[in-house]
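Student: What follows is the file entry_0.tsv, containing TSV, C-alpha atoms:
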chain	number	residue	atom	x	y	z
U	24	MET	CA	1.33	42.91	-33.94
U	25	LEU	CA	-0.78	41.37	-31.17
U	26	ASP	CA	-0.01	37.91	-29.84
U	27	THR	CA	-1.31	35.88	-26.88
U	28	ILE	CA	0.06	33.30	-24.48
U	29	VAL	CA	-1.69	31.63	-21.55
U	30	LEU	CA	0.31	31.41	-18.32
U	31	GLY	CA	-0.36	29.77	-14.98
U	32	GLY	CA	1.86	30.57	-12.02
U	33	GLY	CA	-0.29	30.10	-8.93
U	34	CYS	CA	-3.18	32.38	-8.11
U	35	PHE	CA	-4.34	34.18	-11.23
U	36	TRP	CA	-4.79	37.44	-9.30
U	37	CYS	CA	-1.01	37.54	-8.84
U	38	VAL	CA	-0.08	36.69	-12.44
U	39	GLU	CA	-2.69	39.12	-13.79
U	40	SER	CA	-1.43	41.94	-11.54
U	41	VAL	CA	2.12	41.52	-12.80
U	42	PHE	CA	1.20	41.53	-16.48
U	43	LEU	CA	-1.22	44.44	-16.15
U	44	SER	CA	1.89	46.38	-15.07
U	45	VAL	CA	4.03	45.42	-18.09
U	46	ALA	CA	4.57	47.87	-20.95
U	47	GLY	CA	3.43	46.35	-24.23
U	48	VAL	CA	0.80	44.13	-22.60
U	49	LYS	CA	-2.61	45.09	-23.94
U	50	GLU	CA	-4.69	42.78	-21.77
U	51	ALA	CA	-4.28	40.26	-18.96
U	52	GLU	CA	-7.41	38.21	-18.42
U	53	SER	CA	-7.91	35.66	-15.64
U	54	GLY	CA	-9.29	32.29	-16.65
U	55	TYR	CA	-9.12	28.53	-16.43
U	56	ALA	CA	-7.46	26.01	-18.76
U	57	GLY	CA	-5.74	22.67	-18.91
U	58	GLY	CA	-8.50	20.46	-17.56
U	59	ASN	CA	-11.35	18.34	-18.82
U	60	THR	CA	-14.41	19.97	-17.24
U	61	LYS	CA	-16.47	22.08	-19.63
U	62	ASN	CA	-17.32	25.63	-18.50
U	63	PRO	CA	-15.68	25.42	-15.07
U	64	ASP	CA	-16.30	28.01	-12.38
U	65	TYR	CA	-14.17	29.19	-9.48
U	66	ARG	CA	-15.80	26.88	-6.93
U	67	SER	CA	-15.16	23.81	-9.10
U	68	ILE	CA	-11.58	24.92	-9.82
U	69	CYS	CA	-10.88	25.28	-6.08
U	70	SER	CA	-11.90	21.66	-5.55
U	71	GLY	CA	-8.86	20.59	-7.56
U	72	LYS	CA	-11.00	18.00	-9.37
U	73	THR	CA	-11.46	19.74	-12.75
U	74	GLY	CA	-7.86	19.40	-13.92
U	75	HIS	CA	-7.85	23.10	-14.81
U	76	ALA	CA	-5.25	25.59	-13.66
U	77	GLU	CA	-5.86	29.20	-12.75
U	78	VAL	CA	-4.31	30.99	-15.73
U	79	VAL	CA	-3.97	34.39	-17.33
U	80	LYS	CA	-4.36	35.04	-21.03
U	81	VAL	CA	-1.73	37.67	-21.80
U	82	THR	CA	-2.28	39.69	-24.98
U	83	PHE	CA	0.79	41.69	-25.93
U	84	ASP	CA	2.22	43.82	-28.72
U	85	SER	CA	5.13	41.75	-30.02
U	86	GLU	CA	6.70	44.88	-31.52
U	87	LYS	CA	7.02	46.34	-27.99
U	88	ILE	CA	7.76	43.22	-25.95
U	89	SER	CA	8.83	39.80	-27.13
U	90	LEU	CA	7.43	36.45	-26.03
U	91	ARG	CA	10.86	35.68	-24.58
U	92	GLU	CA	10.63	38.81	-22.39
U	93	ILE	CA	7.07	37.90	-21.35
U	94	LEU	CA	8.33	34.47	-20.27
U	95	GLU	CA	11.36	35.88	-18.45
U	96	ILE	CA	9.03	38.12	-16.44
U	97	PHE	CA	6.76	35.13	-15.78
U	98	PHE	CA	9.65	33.06	-14.40
U	99	VAL	CA	11.03	35.85	-12.21
U	100	THR	CA	7.67	36.64	-10.63
U	101	HIS	CA	6.68	33.14	-9.49
U	102	ASP	CA	8.46	29.98	-8.32
U	103	PRO	CA	8.61	27.61	-11.29
U	104	THR	CA	10.40	24.93	-9.25
U	105	THR	CA	7.53	23.88	-6.98
U	106	LEU	CA	5.16	21.26	-8.31
U	107	ASN	CA	1.48	22.17	-7.92
U	108	ARG	CA	2.04	24.99	-5.46
U	109	GLN	CA	2.90	28.64	-5.05
U	110	GLY	CA	3.54	29.57	-1.44
U	111	ASN	CA	0.49	28.58	0.60
U	112	ASP	CA	-1.59	27.84	-2.52
U	113	VAL	CA	-1.42	24.07	-3.02
U	114	GLY	CA	-3.07	21.93	-5.70
U	115	THR	CA	-2.90	21.24	-9.41
U	116	GLN	CA	-4.95	24.39	-10.03
U	117	TYR	CA	-1.86	26.39	-8.94
U	118	ARG	CA	0.67	24.59	-11.13
U	119	SER	CA	3.24	26.42	-13.21
U	120	ILE	CA	2.19	26.06	-16.83
U	121	ILE	CA	2.68	27.70	-20.22
U	122	MET	CA	-0.10	27.04	-22.74
U	123	CYS	CA	0.95	27.72	-26.30
U	124	HIS	CA	-0.85	28.54	-29.54
U	125	SER	CA	1.96	27.33	-31.83
U	126	GLN	CA	5.06	25.20	-32.07
U	127	GLU	CA	7.10	28.41	-32.23
U	128	GLN	CA	5.78	29.47	-28.81
U	129	LYS	CA	6.56	26.02	-27.41
U	130	ASP	CA	10.10	26.18	-28.79
U	131	ILE	CA	10.70	29.61	-27.27
U	132	ALA	CA	9.30	28.47	-23.92
U	133	GLN	CA	11.55	25.39	-23.90
U	134	GLU	CA	14.57	27.54	-24.83
U	135	VAL	CA	13.89	29.96	-21.97
U	136	ILE	CA	13.48	27.07	-19.51
U	137	SER	CA	16.65	25.40	-20.75
U	138	THR	CA	18.62	28.66	-20.43
U	139	LEU	CA	17.37	29.31	-16.90
U	140	ASP	CA	18.08	25.72	-15.81
U	141	ASN	CA	21.55	25.72	-17.43
U	142	ASN	CA	22.43	29.07	-15.82
U	143	GLY	CA	21.43	27.79	-12.38
U	144	THR	CA	18.98	30.67	-12.01
U	145	PHE	CA	16.96	28.63	-9.51
U	146	ASN	CA	18.19	26.26	-6.80
U	147	SER	CA	15.99	23.46	-8.18
U	148	PRO	CA	14.98	22.42	-11.69
U	149	ILE	CA	12.05	24.17	-13.35
U	150	VAL	CA	8.90	22.00	-13.33
U	151	THR	CA	6.77	24.29	-15.50
U	152	GLU	CA	4.63	22.38	-17.99
U	153	VAL	CA	4.72	23.53	-21.62
U	154	VAL	CA	1.63	22.34	-23.48
U	155	ASP	CA	-0.67	23.21	-26.35
U	156	LEU	CA	-3.65	25.35	-25.36
U	157	LYS	CA	-6.80	23.35	-25.97
U	158	GLU	CA	-9.65	25.18	-24.26
U	159	TYR	CA	-9.59	28.43	-22.33
U	160	TYR	CA	-12.46	29.69	-20.17
U	161	ARG	CA	-12.65	33.29	-18.99
U	162	ALA	CA	-13.02	33.51	-15.20
U	163	GLU	CA	-15.98	35.23	-13.60
U	164	GLU	CA	-16.07	39.01	-13.88
U	165	TYR	CA	-15.21	39.61	-10.22
U	166	HIS	CA	-11.80	37.95	-10.81
U	167	GLN	CA	-10.86	40.37	-13.60
U	168	ASN	CA	-8.46	43.13	-12.53
U	169	TYR	CA	-8.93	41.81	-9.01
U	170	PHE	CA	-5.99	43.46	-7.26
U	171	ASN	CA	-6.78	46.92	-8.62
U	172	LYS	CA	-10.38	46.52	-7.47
U	173	ASN	CA	-9.45	44.98	-4.08
U	174	PRO	CA	-6.04	46.37	-3.08
U	175	ASN	CA	-6.69	45.90	0.64
U	176	GLN	CA	-7.84	42.30	0.43
U	177	PRO	CA	-5.47	40.45	2.84
U	178	TYR	CA	-4.30	37.79	0.35
U	179	CYS	CA	-3.51	40.50	-2.19
U	180	VAL	CA	-1.68	42.69	0.32
U	181	PHE	CA	0.52	39.74	1.30
U	182	SER	CA	1.10	38.08	-2.09
U	183	ILE	CA	1.09	40.64	-4.89
U	184	PRO	CA	3.40	43.52	-3.86
U	185	PRO	CA	6.50	41.24	-3.67
U	186	LYS	CA	5.84	40.09	-7.24
U	187	LEU	CA	5.45	43.66	-8.45
U	188	GLN	CA	8.70	44.57	-6.68
U	189	LYS	CA	10.50	41.78	-8.56
U	190	LEU	CA	9.10	43.13	-11.81
U	191	LYS	CA	10.38	46.62	-11.00
U	192	LYS	CA	13.76	45.34	-9.80
U	193	TYR	CA	14.58	42.98	-12.69
U	194	PHE	CA	12.65	44.63	-15.54
U	195	PRO	CA	12.49	48.38	-14.76
U	196	ASP	CA	12.32	49.26	-18.45
U	197	LYS	CA	9.29	46.98	-18.91
U	198	VAL	CA	7.09	48.53	-16.23
U	199	SER	CA	4.21	50.49	-17.72
U	200	ALA	CA	3.90	54.14	-16.75
Could you render the structure from this file as structure tokens?
Tutor:
Amino acid sequence: MLDTIVLGGGCFWCVESVFLSVAGVKEAESGYAGGNTKNPDYRSICSGKTGHAEVVKVTFDSEKISLREILEIFFVTHDPTTLNRQGNDVGTQYRSIIMCHSQEQKDIAQEVISTLDNNGTFNSPIVTEVVDLKEYYRAEEYHQNYFNKNPNQPYCVFSIPPKLQKLKKYFPDKVSA
């Protein structure tokens, strides 16, 4: 059964690259959500004035991977304790956010956050927002599957391989062949 969740964890190229490598994920699509501007584009998102975050719509087979596992991978492969930043990417467009389609998804997200905070998984509290998805806008075509199309782009070379290594280290049975 296919399900979707929208996740923001910094640059969407990074989040997309991780989830394109996860077994059971059927699609990872870069986009924008969480703001008030209609039909935003990359230039307007980069201004930080639209309210939107760079996000990835993850479509997955819930019989092969659970939402809980999707969220655990999400938390391991970005820093959910920094408000409006991931590494050198700073601004509300890079915030950590989970955008849900149902109350059940919100409950699962809150449970995962609570478990990680209670276990002391991170040195600081998780600041990830958990909200209802209102509007989602697909990013421009050149952003889709960006890392696979541009593996030598300097930002990608620096930022994405460490995230993929975390995926392989902590979730070796969830890496697609």
Student: Determine, counting all atoms listed in the file, which protein, DNA and RNA residues have an atom within 8 Å of an atom of Val41 (chain U); residues of the same chain fewer than 5 positions away are not included. Present the result as a list in words.
Tutor: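 Selected residues are Thr100, Lys186, Leu187 and Leu190 of chain U.
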Student: Could you jot down the CA of Thr105 (chain U) to CA of Gly32 (chain U) separation for me, Å, one decimal place?
Tutor: 10.1 Å
Student: Can you tell me, as a PyMOL selection string, which residues sit within 8 Å of (1.4, 33.9, -17.5) in the file's frame, using all atoms listed in the file?
Tutor: chain U and resi 28-32+38-39+42+78-81+93-94+97+120-121
Student: Find the residue from U:Pro103, U:Pro63, U:Gly33, U:Gly58 that sits nearest to Glu77 (chain U); use only C-alpha atoms when measuring.
Tutor: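 Ranking U:Pro103, U:Pro63, U:Gly33, U:Gly58 by distance to Glu77 (chain U), first place goes to U:Gly33.
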Student: So, with all atoms listed in the file as the atoms that count, which of U:Glu52, U:Asp102, U:Asp84, U:Asp112 lies closest to Tyr159 (chain U)?
Tutor: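 Among the listed residues, the smallest separation from Tyr159 (chain U) belongs to U:Glu52.
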Student: So what do you get for CA of Thr151 (chain U) versus CA of Glu163 (chain U), distance-wise?
Tutor: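 Pair CA of Thr151 (chain U) / CA of Glu163 (chain U) returns 25.3 Å.
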Student: Between U:Lys189, U:Tyr165, U:Val180, U:Pro195, which has the minimum distance to Asp64 (chain U) (counting all atoms listed in the file)?
Tutor: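 So, comparing all the options, the nearest one is U:Tyr165.
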Student: Which residue out of U:Gln116, U:Ser44, U:Thr82, U:Asn175 has the minimum interatomic distance to Ala200 (chain U) when only C-alpha atoms are used?
Tutor: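 Looking only at the distances to Ala200 (chain U), the closest residue turns out to be U:Ser44.
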Student: So that I can see what lies close to Asn111 (chain U), please list as an MDAnalysis selection string the residues with an atom at most 12 Å from it, counting all atoms listed in the file and leaving out residues fewer than 4 positions away in the same chain.
Tutor: chainID U and resid 33:34 105 107 117 178 181:182
Student: Take the residues that were just selected and, keeping C-alpha atoms, output them as a PDB file, keeping the file's coordinate frame.
Tutor:
ATOM      1  CA  GLY U  33      -0.290  30.100  -8.930  1.00  0.00           C
ATOM      2  CA  CYS U  34      -3.180  32.380  -8.110  1.00  0.00           C
ATOM      3  CA  THR U 105       7.530  23.880  -6.980  1.00  0.00           C
ATOM      4  CA  ASN U 107       1.480  22.170  -7.920  1.00  0.00           C
ATOM      5  CA  TYR U 117      -1.860  26.390  -8.940  1.00  0.00           C
ATOM      6  CA  TYR U 178      -4.300  37.790   0.350  1.00  0.00           C
ATOM      7  CA  PHE U 181       0.520  39.740   1.300  1.00  0.00           C
ATOM      8  CA  SER U 182       1.100  38.080  -2.090  1.00  0.00           C
TER       9      SER U 182
END
Student: Separation of CA of Gln128 (chain U) and CA of Asn146 (chain U), in Å?
Tutor: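 So the answer is 25.5 Å.
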Student: Go ahead and find all residues with at least one atom no further than 12 Å from (13.1, 35.1, -17.4) in the file's coordinates, using only C-alpha atoms; report them as a ChimeraX atom specification.
Tutor: /U:89-103,131-140,142,144-145,149,189-190,193-194
Student: Okay, now the selection with C-alpha atoms, as an mmCIF file, in the coordinates of the input?
Tutor:
data_model
loop_
_atom_site.group_PDB
_atom_site.id
_atom_site.type_symbol
_atom_site.label_atom_id
_atom_site.label_comp_id
_atom_site.auth_asym_id
_atom_site.auth_seq_id
_atom_site.Cartn_x
_atom_site.Cartn_y
_atom_site.Cartn_z
ATOM 1 C CA SER U 89 8.830 39.800 -27.130
ATOM 2 C CA LEU U 90 7.430 36.450 -26.030
ATOM 3 C CA ARG U 91 10.860 35.680 -24.580
ATOM 4 C CA GLU U 92 10.630 38.810 -22.390
ATOM 5 C CA ILE U 93 7.070 37.900 -21.350
ATOM 6 C CA LEU U 94 8.330 34.470 -20.270
ATOM 7 C CA GLU U 95 11.360 35.880 -18.450
ATOM 8 C CA ILE U 96 9.030 38.120 -16.440
ATOM 9 C CA PHE U 97 6.760 35.130 -15.780
ATOM 10 C CA PHE U 98 9.650 33.060 -14.400
ATOM 11 C CA VAL U 99 11.030 35.850 -12.210
ATOM 12 C CA THR U 100 7.670 36.640 -10.630
ATOM 13 C CA HIS U 101 6.680 33.140 -9.490
ATOM 14 C CA ASP U 102 8.460 29.980 -8.320
ATOM 15 C CA PRO U 103 8.610 27.610 -11.290
ATOM 16 C CA ILE U 131 10.700 29.610 -27.270
ATOM 17 C CA ALA U 132 9.300 28.470 -23.920
ATOM 18 C CA GLN U 133 11.550 25.390 -23.900
ATOM 19 C CA GLU U 134 14.570 27.540 -24.830
ATOM 20 C CA VAL U 135 13.890 29.960 -21.970
ATOM 21 C CA ILE U 136 13.480 27.070 -19.510
ATOM 22 C CA SER U 137 16.650 25.400 -20.750
ATOM 23 C CA THR U 138 18.620 28.660 -20.430
ATOM 24 C CA LEU U 139 17.370 29.310 -16.900
ATOM 25 C CA ASP U 140 18.080 25.720 -15.810
ATOM 26 C CA ASN U 142 22.430 29.070 -15.820
ATOM 27 C CA THR U 144 18.980 30.670 -12.010
ATOM 28 C CA PHE U 145 16.960 28.630 -9.510
ATOM 29 C CA ILE U 149 12.050 24.170 -13.350
ATOM 30 C CA LYS U 189 10.500 41.780 -8.560
ATOM 31 C CA LEU U 190 9.100 43.130 -11.810
ATOM 32 C CA TYR U 193 14.580 42.980 -12.690
ATOM 33 C CA PHE U 194 12.650 44.630 -15.540
#
Student: Using all atoms listed in the file, which of U:Gln126, U:His75, U:Gln109, U:Tyr169 sits nearest Asn62 (chain U)?
Tutor: U:His75
Student: Which residue out of U:Ser40, U:Asn173, U:Ser85, U:Ser119 has the minimum interatomic distance to Val150 (chain U) when all atoms listed in the file are used?
Tutor: U:Ser119
